[in-house]
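Here is structure-v3.txt, consisting of compact mmCIF, C-alpha atoms and all ligand atoms:
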```txt
# COMPACT_ATOMS: atom_id res chain seq x y z
CA MET A 336 0.00 0.00 0.00
CA ASP A 337 1.69 3.25 -1.06
CA LYS A 338 -1.37 5.43 -1.62
CA VAL A 339 -4.80 5.47 0.01
CA ILE A 340 -8.03 7.44 -0.30
CA LEU A 341 -9.46 8.83 2.90
CA ALA A 342 -13.19 9.47 2.74
CA THR A 343 -13.16 12.70 4.76
CA LYS A 344 -13.91 16.36 4.18
CA ASN A 345 -12.70 17.31 7.66
CA ALA A 346 -9.49 19.38 7.25
CA GLY A 347 -8.29 18.57 10.80
CA LYS A 348 -8.52 14.83 10.20
CA ALA A 349 -6.98 15.16 6.72
CA LYS A 350 -3.92 16.95 8.16
CA GLU A 351 -3.38 14.30 10.84
CA PHE A 352 -3.73 11.41 8.39
CA LYS A 353 -1.25 13.03 6.02
CA GLU A 354 1.23 13.54 8.88
CA ILE A 355 0.94 10.01 10.29
CA PHE A 356 0.75 8.07 7.01
CA GLY A 357 3.36 10.37 5.46
CA LYS A 358 5.92 9.17 8.03
CA MET A 359 5.08 5.59 7.00
CA GLY A 360 5.73 6.46 3.34
CA ILE A 361 2.05 6.23 2.41
CA GLU A 362 0.47 9.04 0.37
CA VAL A 363 -3.03 10.13 1.45
CA VAL A 364 -5.65 11.63 -0.85
CA THR A 365 -8.78 13.04 0.78
CA LEU A 366 -12.11 14.28 -0.58
CA LEU A 367 -10.73 17.81 -0.17
CA ASP A 368 -8.12 17.04 -2.87
CA PHE A 369 -10.61 16.17 -5.63
CA ASP A 370 -11.59 18.80 -8.18
CA GLU A 371 -15.12 17.49 -8.59
CA GLU A 372 -17.69 18.11 -5.87
CA ILE A 373 -18.30 14.92 -3.85
CA PRO A 374 -21.88 14.79 -2.51
CA GLU A 375 -22.30 14.86 1.28
CA ILE A 376 -22.33 11.29 2.66
CA GLU A 377 -25.27 10.75 5.02
CA GLU A 378 -24.15 9.30 8.33
CA THR A 379 -27.25 7.23 9.08
CA GLY A 380 -25.62 4.75 11.47
CA THR A 381 -25.90 4.74 15.25
CA THR A 382 -22.37 3.45 15.92
CA PHE A 383 -18.90 4.70 14.94
CA GLU A 384 -18.37 1.37 13.14
CA GLU A 385 -21.49 1.72 10.98
CA ASN A 386 -20.75 5.32 10.00
CA ALA A 387 -17.09 4.65 9.23
CA ALA A 388 -18.15 1.77 6.94
CA ILE A 389 -20.77 3.94 5.18
CA LYS A 390 -18.13 6.57 4.38
CA ALA A 391 -15.49 4.07 3.23
CA GLU A 392 -17.86 1.97 1.11
CA THR A 393 -19.54 4.96 -0.58
CA ILE A 394 -16.22 6.30 -1.83
CA ALA A 395 -14.67 2.86 -2.57
CA ASN A 396 -17.68 2.08 -4.81
CA GLN A 397 -17.57 5.47 -6.50
CA PHE A 398 -13.85 5.35 -7.36
CA GLN A 399 -13.37 1.56 -7.38
CA LEU A 400 -10.32 2.01 -5.14
CA PRO A 401 -9.45 0.91 -1.59
CA THR A 402 -10.72 3.59 0.80
CA ILE A 403 -10.51 4.38 4.51
CA GLY A 404 -13.41 6.04 6.35
CA ASP A 405 -12.95 7.71 9.76
CA ASP A 406 -15.82 8.13 12.17
CA SER A 407 -14.74 9.64 15.43
CA GLY A 408 -15.97 11.60 18.42
CA LEU A 409 -15.82 12.41 22.09
CA VAL A 410 -17.46 10.09 24.62
CA ILE A 411 -18.10 11.78 28.00
CA ASP A 412 -19.02 9.52 30.93
CA ALA A 413 -20.97 12.16 32.91
CA LEU A 414 -23.13 12.78 29.81
CA GLY A 415 -23.96 9.11 29.30
CA GLY A 416 -21.55 8.84 26.35
CA LYS A 417 -22.58 12.03 24.55
CA PRO A 418 -21.76 13.66 22.17
CA GLY A 419 -20.49 10.31 20.79
CA VAL A 420 -21.41 9.69 17.16
CA TYR A 421 -23.10 13.10 17.09
CA SER A 422 -19.88 14.98 17.97
CA ALA A 423 -19.57 16.91 14.68
CA ARG A 424 -23.12 18.30 14.81
CA TYR A 425 -23.63 18.48 18.56
CA ALA A 426 -24.63 22.16 18.63
CA GLY A 427 -26.27 22.23 15.20
CA LEU A 428 -26.05 21.14 11.58
CA GLU A 429 -23.39 23.71 10.68
CA LYS A 430 -20.62 21.64 12.40
CA ASN A 431 -19.18 24.51 14.46
CA ASP A 432 -16.26 23.35 16.68
CA GLN A 433 -16.49 26.37 19.03
CA LYS A 434 -20.25 26.02 19.58
CA ASN A 435 -19.89 22.28 20.09
CA LEU A 436 -17.31 22.59 22.85
CA GLU A 437 -19.24 25.41 24.52
CA LYS A 438 -22.31 23.17 24.62
CA VAL A 439 -20.28 20.41 26.29
CA LEU A 440 -18.83 22.81 28.90
CA LYS A 441 -22.33 24.10 29.67
CA GLU A 442 -23.70 20.59 30.12
CA LEU A 443 -20.81 19.76 32.46
CA GLN A 444 -21.35 22.82 34.66
CA GLY A 445 -21.28 21.71 38.31
CA VAL A 446 -19.54 18.40 37.49
CA GLU A 447 -16.31 18.13 39.49
CA GLU A 448 -12.93 17.20 38.05
CA LYS A 449 -12.91 13.55 39.13
CA ASP A 450 -16.21 12.96 37.34
CA ARG A 451 -15.17 14.62 34.05
CA THR A 452 -13.62 11.48 32.54
CA ALA A 453 -13.92 11.01 28.79
CA ARG A 454 -12.30 9.43 25.76
CA PHE A 455 -11.87 10.19 22.12
CA VAL A 456 -12.82 7.30 19.87
CA CYS A 457 -11.73 6.85 16.26
CA VAL A 458 -13.06 3.99 14.15
CA LEU A 459 -11.44 3.41 10.78
CA ALA A 460 -13.21 1.32 8.17
CA PHE A 461 -11.18 -0.11 5.28
CA ALA A 462 -13.27 -0.86 2.22
CA VAL A 463 -11.92 -2.66 -0.83
CA PRO A 464 -14.30 -3.09 -3.81
CA GLY A 465 -15.59 -6.66 -3.89
CA GLU A 466 -14.28 -7.53 -0.39
CA ASP A 467 -15.71 -7.39 3.12
CA THR A 468 -15.12 -4.10 4.95
CA ILE A 469 -13.14 -4.29 8.20
CA THR A 470 -13.09 -1.80 11.09
CA LYS A 471 -10.49 -0.96 13.74
CA ARG A 472 -11.15 1.15 16.88
CA GLY A 473 -8.67 3.46 18.58
CA THR A 474 -9.12 5.41 21.82
CA CYS A 475 -7.46 8.20 23.81
CA GLU A 476 -8.39 8.49 27.51
CA GLY A 477 -8.56 11.78 29.39
CA THR A 478 -10.71 14.36 31.15
CA ILE A 479 -12.70 17.43 30.15
CA GLY A 480 -11.42 20.80 31.38
CA PHE A 481 -13.40 23.81 32.57
CA GLU A 482 -12.50 26.21 29.75
CA PRO A 483 -10.93 26.00 26.30
CA VAL A 484 -7.10 26.23 26.27
CA GLY A 485 -4.76 26.10 23.25
CA THR A 486 -5.11 26.68 19.52
CA ASN A 487 -3.64 23.57 17.86
CA GLY A 488 -5.64 20.64 16.55
CA PHE A 489 -9.37 20.87 15.88
CA GLY A 490 -12.79 20.00 17.27
CA TYR A 491 -12.88 19.43 21.02
CA ASP A 492 -9.07 19.47 21.44
CA PRO A 493 -9.05 22.72 23.53
CA ILE A 494 -11.14 21.11 26.30
CA PHE A 495 -9.58 17.62 26.35
CA TYR A 496 -6.74 16.74 28.74
CA PRO A 497 -5.21 13.39 27.66
CA SER A 498 -4.06 11.24 30.62
CA GLU A 499 -0.41 11.50 29.51
CA TYR A 500 -0.18 15.34 29.80
CA GLU A 501 -1.29 18.21 32.02
CA LYS A 502 -2.10 20.11 28.84
CA THR A 503 -5.01 19.99 26.43
CA LEU A 504 -4.61 18.31 23.03
CA ALA A 505 -4.78 21.84 21.57
CA GLN A 506 -1.64 22.81 23.54
CA LEU A 507 0.36 19.87 22.20
CA GLN A 508 2.52 20.01 19.10
CA PRO A 509 1.09 18.05 16.14
CA ASP A 510 3.62 15.24 16.65
CA GLU A 511 2.82 14.98 20.37
CA LYS A 512 -0.91 14.65 19.66
CA ASN A 513 -0.27 12.19 16.82
CA ASN A 514 1.79 9.96 19.13
CA ILE A 515 -1.03 9.42 21.63
CA SER A 516 -4.24 10.09 19.72
CA HIS A 517 -7.22 7.83 19.12
CA ARG A 518 -6.56 8.29 15.39
CA ARG A 519 -2.98 7.09 15.77
CA ASP A 520 -4.15 4.08 17.80
CA ALA A 521 -6.67 3.12 15.09
CA ILE A 522 -4.16 3.68 12.26
CA ASN A 523 -1.61 1.43 14.01
CA LYS A 524 -4.20 -1.34 14.35
CA LEU A 525 -5.29 -0.99 10.71
CA VAL A 526 -1.73 -0.99 9.36
CA GLU A 527 -0.96 -4.04 11.52
CA TRP A 528 -4.01 -5.83 10.06
CA ILE A 529 -3.06 -4.92 6.47
CA LYS A 530 0.49 -6.24 7.03
CA GLU A 531 -0.91 -9.53 8.37
CA GLN A 532 -2.82 -10.04 5.09
CA ASN A 533 0.37 -10.04 3.00
P1 LIG A 601 -16.05 13.52 7.79
O1 LIG A 601 -17.31 12.74 8.00
O2 LIG A 601 -15.99 14.22 6.46
O3 LIG A 601 -14.83 12.68 8.03
P2 LIG A 601 -16.83 14.93 10.22
O4 LIG A 601 -16.23 16.08 10.97
O5 LIG A 601 -18.30 15.01 9.91
O6 LIG A 601 -15.97 14.71 8.88
P3 LIG A 601 -17.28 12.79 12.14
O7 LIG A 601 -18.72 12.60 11.82
O8 LIG A 601 -16.43 11.56 12.34
O9 LIG A 601 -16.53 13.60 10.98
O10 LIG A 601 -17.19 13.73 13.41
C1 LIG A 601 -16.01 13.80 14.13
C2 LIG A 601 -16.13 14.92 15.14
O11 LIG A 601 -15.59 14.47 16.39
C3 LIG A 601 -15.27 16.11 14.70
O12 LIG A 601 -16.02 17.03 13.96
C4 LIG A 601 -14.81 16.66 16.04
O13 LIG A 601 -15.80 17.49 16.57
C5 LIG A 601 -14.71 15.41 16.91
N1 LIG A 601 -13.34 14.86 16.84
C6 LIG A 601 -12.92 13.71 16.23
N2 LIG A 601 -11.60 13.55 16.34
C7 LIG A 601 -11.14 14.62 17.02
C8 LIG A 601 -9.87 15.04 17.44
O14 LIG A 601 -8.78 14.37 17.14
N3 LIG A 601 -9.80 16.17 18.14
C9 LIG A 601 -10.89 16.89 18.44
N4 LIG A 601 -12.12 16.58 18.06
C10 LIG A 601 -12.26 15.46 17.35
```
Please express what this file holds, its structure, as structure tokens.
Amino acid sequence: MDKVILATKNAGKAKEFKEIFGKMGIEVVTLLDFDEEIPEIEETGTTFEENAAIKAETIANQFQLPTIGDDSGLVIDALGGKPGVYSARYAGLEKNDQKNLEKVLKELQGVEEKDRTARFVCVLAFAVPGEDTITKRGTCEGTIGFEPVGTNGFGYDPIFYPSEYEKTLAQLQPDEKNNISHRRDAINKLVEWIKEQN
């Protein structure tokens, strides 16, 4: 595998995939790199696995090429697992990162530090035309802060303190986040699986 399509229009994800796969010598092409407009893929599933497979299979069928789909999100224990699969649109259809994290902070008002445990989940689906799709799940454990801190990364990074650091993911350098992230964990598992097939 020296080149792969990633079925995402999320610029934050695209950057991280290019960084991580780039170091493995694998070129990544995302839906943001195509000249033609790719229709919005409807995420009708109720699990990360289902939605990742929908994304990967839609694009694999369209281009007849092996494709990876990423469905990811933040799972907060005190909110019963929310925002979960609804992370991108938590505060509305416009997918606004700032509004999303403000909604989470508001819902966690009054919840003390020890009860603010959470994890990022990333499920990657690998779809190859004519073959069964497989999925791999990666996680990153941590806690939710009380206010946004840091400007790196994307999404909920400014309010997420990974267990390994006393900083938010948005305060880490790209390489530091990529070493411990849910996306990295899932990519490692997928690459391991692909190697086992050869
Ligand atoms: P695509 O479907 O085009 O890939 P999307 O943003 O709609 O883009 P998801 O449905 O998988 O993708 O939603 C993922 C959301 O979860 C994302 O918008 C962020 O709000 C959050 N998220 C996922 N990974 C994250 C990360 O590494 N850091 C911060 N937030 C993240």
Tell me which protein, DNA and RNA residues are within 7 Å of Thr343 (chain A), counting all atoms listed in the file, leaving out same-chain ones fewer than 4 positions away, and put them as a PyMOL selection string. chain A and resi 349+365-366+404
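Across A:Asp432, A:Glu447, A:Asp467, A:Glu354, the tightest approach to ligand LIG 601 (chain A) is made by A:Asp432 when counting only C-alpha atoms and all ligand atoms.
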Kindly work out which residues sit at most 6 Å from ligand LIG 601 (chain A), using all atoms listed in the file, and give the list as a PyMOL selection string. chain A and resi 343-345+405-408+422-423+432+489-492
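The smallest atom-to-atom distance between Asn435 (chain A) and any of A:Thr503, A:Pro483, A:Gly360, A:Val463, using all atoms listed in the file, is found for A:Pro483.
What separates CA of Pro497 (chain A) from CA of Ile479 (chain A) is a distance of 8.9 Å.
Distances to Ala413 (chain A) were evaluated for A:Arg454, A:Lys353, A:Lys358, A:Lys434 using all atoms listed in the file, and the minimum falls at A:Arg454.
Checking A:Val410, A:Cys475, A:Ile389, A:Ile469 one by one against Lys512 (chain A), counting all atoms listed in the file, you find the shortest gap at A:Cys475.
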Local residues around (-11.8, 13.2, -6.0), at most 12 Å away, using all atoms listed in the file, as a PDB file with C-alpha atoms, keeping the file's coordinate frame:
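The file below, point_16.pdb, is the result:
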```
ATOM      1  CA  ILE A 340      -8.030   7.440  -0.300  1.00  0.00           C
ATOM      2  CA  LEU A 341      -9.460   8.830   2.900  1.00  0.00           C
ATOM      3  CA  ALA A 342     -13.190   9.470   2.740  1.00  0.00           C
ATOM      4  CA  THR A 343     -13.160  12.700   4.760  1.00  0.00           C
ATOM      5  CA  LYS A 344     -13.910  16.360   4.180  1.00  0.00           C
ATOM      6  CA  VAL A 363      -3.030  10.130   1.450  1.00  0.00           C
ATOM      7  CA  VAL A 364      -5.650  11.630  -0.850  1.00  0.00           C
ATOM      8  CA  THR A 365      -8.780  13.040   0.780  1.00  0.00           C
ATOM      9  CA  LEU A 366     -12.110  14.280  -0.580  1.00  0.00           C
ATOM     10  CA  LEU A 367     -10.730  17.810  -0.170  1.00  0.00           C
ATOM     11  CA  ASP A 368      -8.120  17.040  -2.870  1.00  0.00           C
ATOM     12  CA  PHE A 369     -10.610  16.170  -5.630  1.00  0.00           C
ATOM     13  CA  ASP A 370     -11.590  18.800  -8.180  1.00  0.00           C
ATOM     14  CA  GLU A 371     -15.120  17.490  -8.590  1.00  0.00           C
ATOM     15  CA  GLU A 372     -17.690  18.110  -5.870  1.00  0.00           C
ATOM     16  CA  ILE A 373     -18.300  14.920  -3.850  1.00  0.00           C
ATOM     17  CA  PRO A 374     -21.880  14.790  -2.510  1.00  0.00           C
ATOM     18  CA  ILE A 394     -16.220   6.300  -1.830  1.00  0.00           C
ATOM     19  CA  ALA A 395     -14.670   2.860  -2.570  1.00  0.00           C
ATOM     20  CA  GLN A 397     -17.570   5.470  -6.500  1.00  0.00           C
ATOM     21  CA  PHE A 398     -13.850   5.350  -7.360  1.00  0.00           C
ATOM     22  CA  GLN A 399     -13.370   1.560  -7.380  1.00  0.00           C
ATOM     23  CA  LEU A 400     -10.320   2.010  -5.140  1.00  0.00           C
ATOM     24  CA  THR A 402     -10.720   3.590   0.800  1.00  0.00           C
TER      25      THR A 402
END
```
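Pairwise distance (CA of Lys390 (chain A), CA of Val458 (chain A)) equals 11.3 Å.
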Taking all atoms of region 407-413 of chain A that the file lists and extending 8 Å past them on each side, where is the centre of the axis-aligned box and how long are its edges? Answer in Å to one decimal, as AutoDock Vina command-line options.
```
--center_x -17.9 --center_y 11.0 --center_z 24.2 --size_x 22.2 --size_y 18.9 --size_z 33.5
```
Which of these residues is nearest to Glu392 (chain A), using only C-alpha atoms: A:Leu443, A:Leu436, A:Ala521, A:Ala462? A:Ala462
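In this structure, CA of Gly480 (chain A) sits 8.4 Å away from CA of Pro493 (chain A).
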Pick from A:Gln532, A:Thr382, A:Asn523, A:Gln444, whichever lies nearest to Met359 (chain A) using all atoms listed in the file: A:Asn523
Missing atoms of region 474-493 of chain A rebuilt to N, CA, C and O atoms, written as an mmCIF file, keeping the file's coordinate frame:
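What landed in part.cif:
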```
data_model
loop_
_atom_site.group_PDB
_atom_site.id
_atom_site.type_symbol
_atom_site.label_atom_id
_atom_site.label_comp_id
_atom_site.auth_asym_id
_atom_site.auth_seq_id
_atom_site.Cartn_x
_atom_site.Cartn_y
_atom_site.Cartn_z
ATOM 1 N N THR A 474 -8.602 4.523 20.783
ATOM 2 C CA THR A 474 -9.120 5.410 21.820
ATOM 3 C C THR A 474 -7.997 6.254 22.424
ATOM 4 O O THR A 474 -6.820 5.906 22.326
ATOM 5 N N CYS A 475 -8.399 7.344 23.074
ATOM 6 C CA CYS A 475 -7.460 8.200 23.810
ATOM 7 C C CYS A 475 -8.203 8.658 25.067
ATOM 8 O O CYS A 475 -9.207 9.363 24.980
ATOM 9 N N GLU A 476 -7.700 8.211 26.238
ATOM 10 C CA GLU A 476 -8.390 8.490 27.510
ATOM 11 C C GLU A 476 -7.983 9.856 28.070
ATOM 12 O O GLU A 476 -6.837 10.286 27.888
ATOM 13 N N GLY A 477 -8.902 10.498 28.779
ATOM 14 C CA GLY A 477 -8.560 11.780 29.390
ATOM 15 C C GLY A 477 -9.720 12.360 30.192
ATOM 16 O O GLY A 477 -10.638 11.627 30.577
ATOM 17 N N THR A 478 -9.641 13.675 30.425
ATOM 18 C CA THR A 478 -10.710 14.360 31.150
ATOM 19 C C THR A 478 -11.051 15.677 30.452
ATOM 20 O O THR A 478 -10.242 16.216 29.701
ATOM 21 N N ILE A 479 -12.241 16.173 30.746
ATOM 22 C CA ILE A 479 -12.700 17.430 30.150
ATOM 23 C C ILE A 479 -12.388 18.589 31.105
ATOM 24 O O ILE A 479 -12.714 18.519 32.294
ATOM 25 N N GLY A 480 -11.763 19.634 30.568
ATOM 26 C CA GLY A 480 -11.420 20.800 31.380
ATOM 27 C C GLY A 480 -12.621 21.690 31.658
ATOM 28 O O GLY A 480 -13.767 21.310 31.398
ATOM 29 N N PHE A 481 -12.322 22.886 32.201
ATOM 30 C CA PHE A 481 -13.400 23.810 32.570
ATOM 31 C C PHE A 481 -13.494 24.984 31.610
ATOM 32 O O PHE A 481 -14.444 25.756 31.653
ATOM 33 N N GLU A 482 -12.479 25.153 30.775
ATOM 34 C CA GLU A 482 -12.500 26.210 29.750
ATOM 35 C C GLU A 482 -11.574 25.811 28.616
ATOM 36 O O GLU A 482 -10.662 25.013 28.819
ATOM 37 N N PRO A 483 -11.802 26.357 27.415
ATOM 38 C CA PRO A 483 -10.930 26.000 26.300
ATOM 39 C C PRO A 483 -9.533 26.580 26.475
ATOM 40 O O PRO A 483 -9.391 27.737 26.868
ATOM 41 N N VAL A 484 -8.501 25.770 26.214
ATOM 42 C CA VAL A 484 -7.100 26.230 26.270
ATOM 43 C C VAL A 484 -6.347 25.668 25.062
ATOM 44 O O VAL A 484 -6.431 24.470 24.780
ATOM 45 N N GLY A 485 -5.596 26.548 24.369
ATOM 46 C CA GLY A 485 -4.760 26.100 23.250
ATOM 47 C C GLY A 485 -5.423 26.304 21.898
ATOM 48 O O GLY A 485 -6.647 26.442 21.804
ATOM 49 N N THR A 486 -4.593 26.355 20.866
ATOM 50 C CA THR A 486 -5.110 26.680 19.520
ATOM 51 C C THR A 486 -4.739 25.630 18.467
ATOM 52 O O THR A 486 -5.115 25.773 17.310
ATOM 53 N N ASN A 487 -3.975 24.603 18.855
ATOM 54 C CA ASN A 487 -3.640 23.570 17.860
ATOM 55 C C ASN A 487 -4.784 22.579 17.704
ATOM 56 O O ASN A 487 -5.751 22.605 18.460
ATOM 57 N N GLY A 488 -4.641 21.698 16.723
ATOM 58 C CA GLY A 488 -5.640 20.640 16.550
ATOM 59 C C GLY A 488 -6.949 21.158 16.003
ATOM 60 O O GLY A 488 -7.007 22.171 15.309
ATOM 61 N N PHE A 489 -8.048 20.491 16.378
ATOM 62 C CA PHE A 489 -9.370 20.870 15.880
ATOM 63 C C PHE A 489 -10.430 20.319 16.840
ATOM 64 O O PHE A 489 -10.107 19.657 17.830
ATOM 65 N N GLY A 490 -11.676 20.587 16.509
ATOM 66 C CA GLY A 490 -12.790 20.000 17.270
ATOM 67 C C GLY A 490 -12.740 20.314 18.755
ATOM 68 O O GLY A 490 -12.582 21.461 19.170
ATOM 69 N N TYR A 491 -12.821 19.273 19.558
ATOM 70 C CA TYR A 491 -12.880 19.430 21.020
ATOM 71 C C TYR A 491 -11.490 19.447 21.664
ATOM 72 O O TYR A 491 -11.384 19.384 22.892
ATOM 73 N N ASP A 492 -10.421 19.515 20.873
ATOM 74 C CA ASP A 492 -9.070 19.470 21.440
ATOM 75 C C ASP A 492 -8.829 20.488 22.566
ATOM 76 O O ASP A 492 -8.160 20.153 23.555
ATOM 77 N N PRO A 493 -9.342 21.734 22.458
ATOM 78 C CA PRO A 493 -9.050 22.720 23.530
ATOM 79 C C PRO A 493 -9.636 22.386 24.900
ATOM 80 O O PRO A 493 -9.244 22.992 25.893
#
```
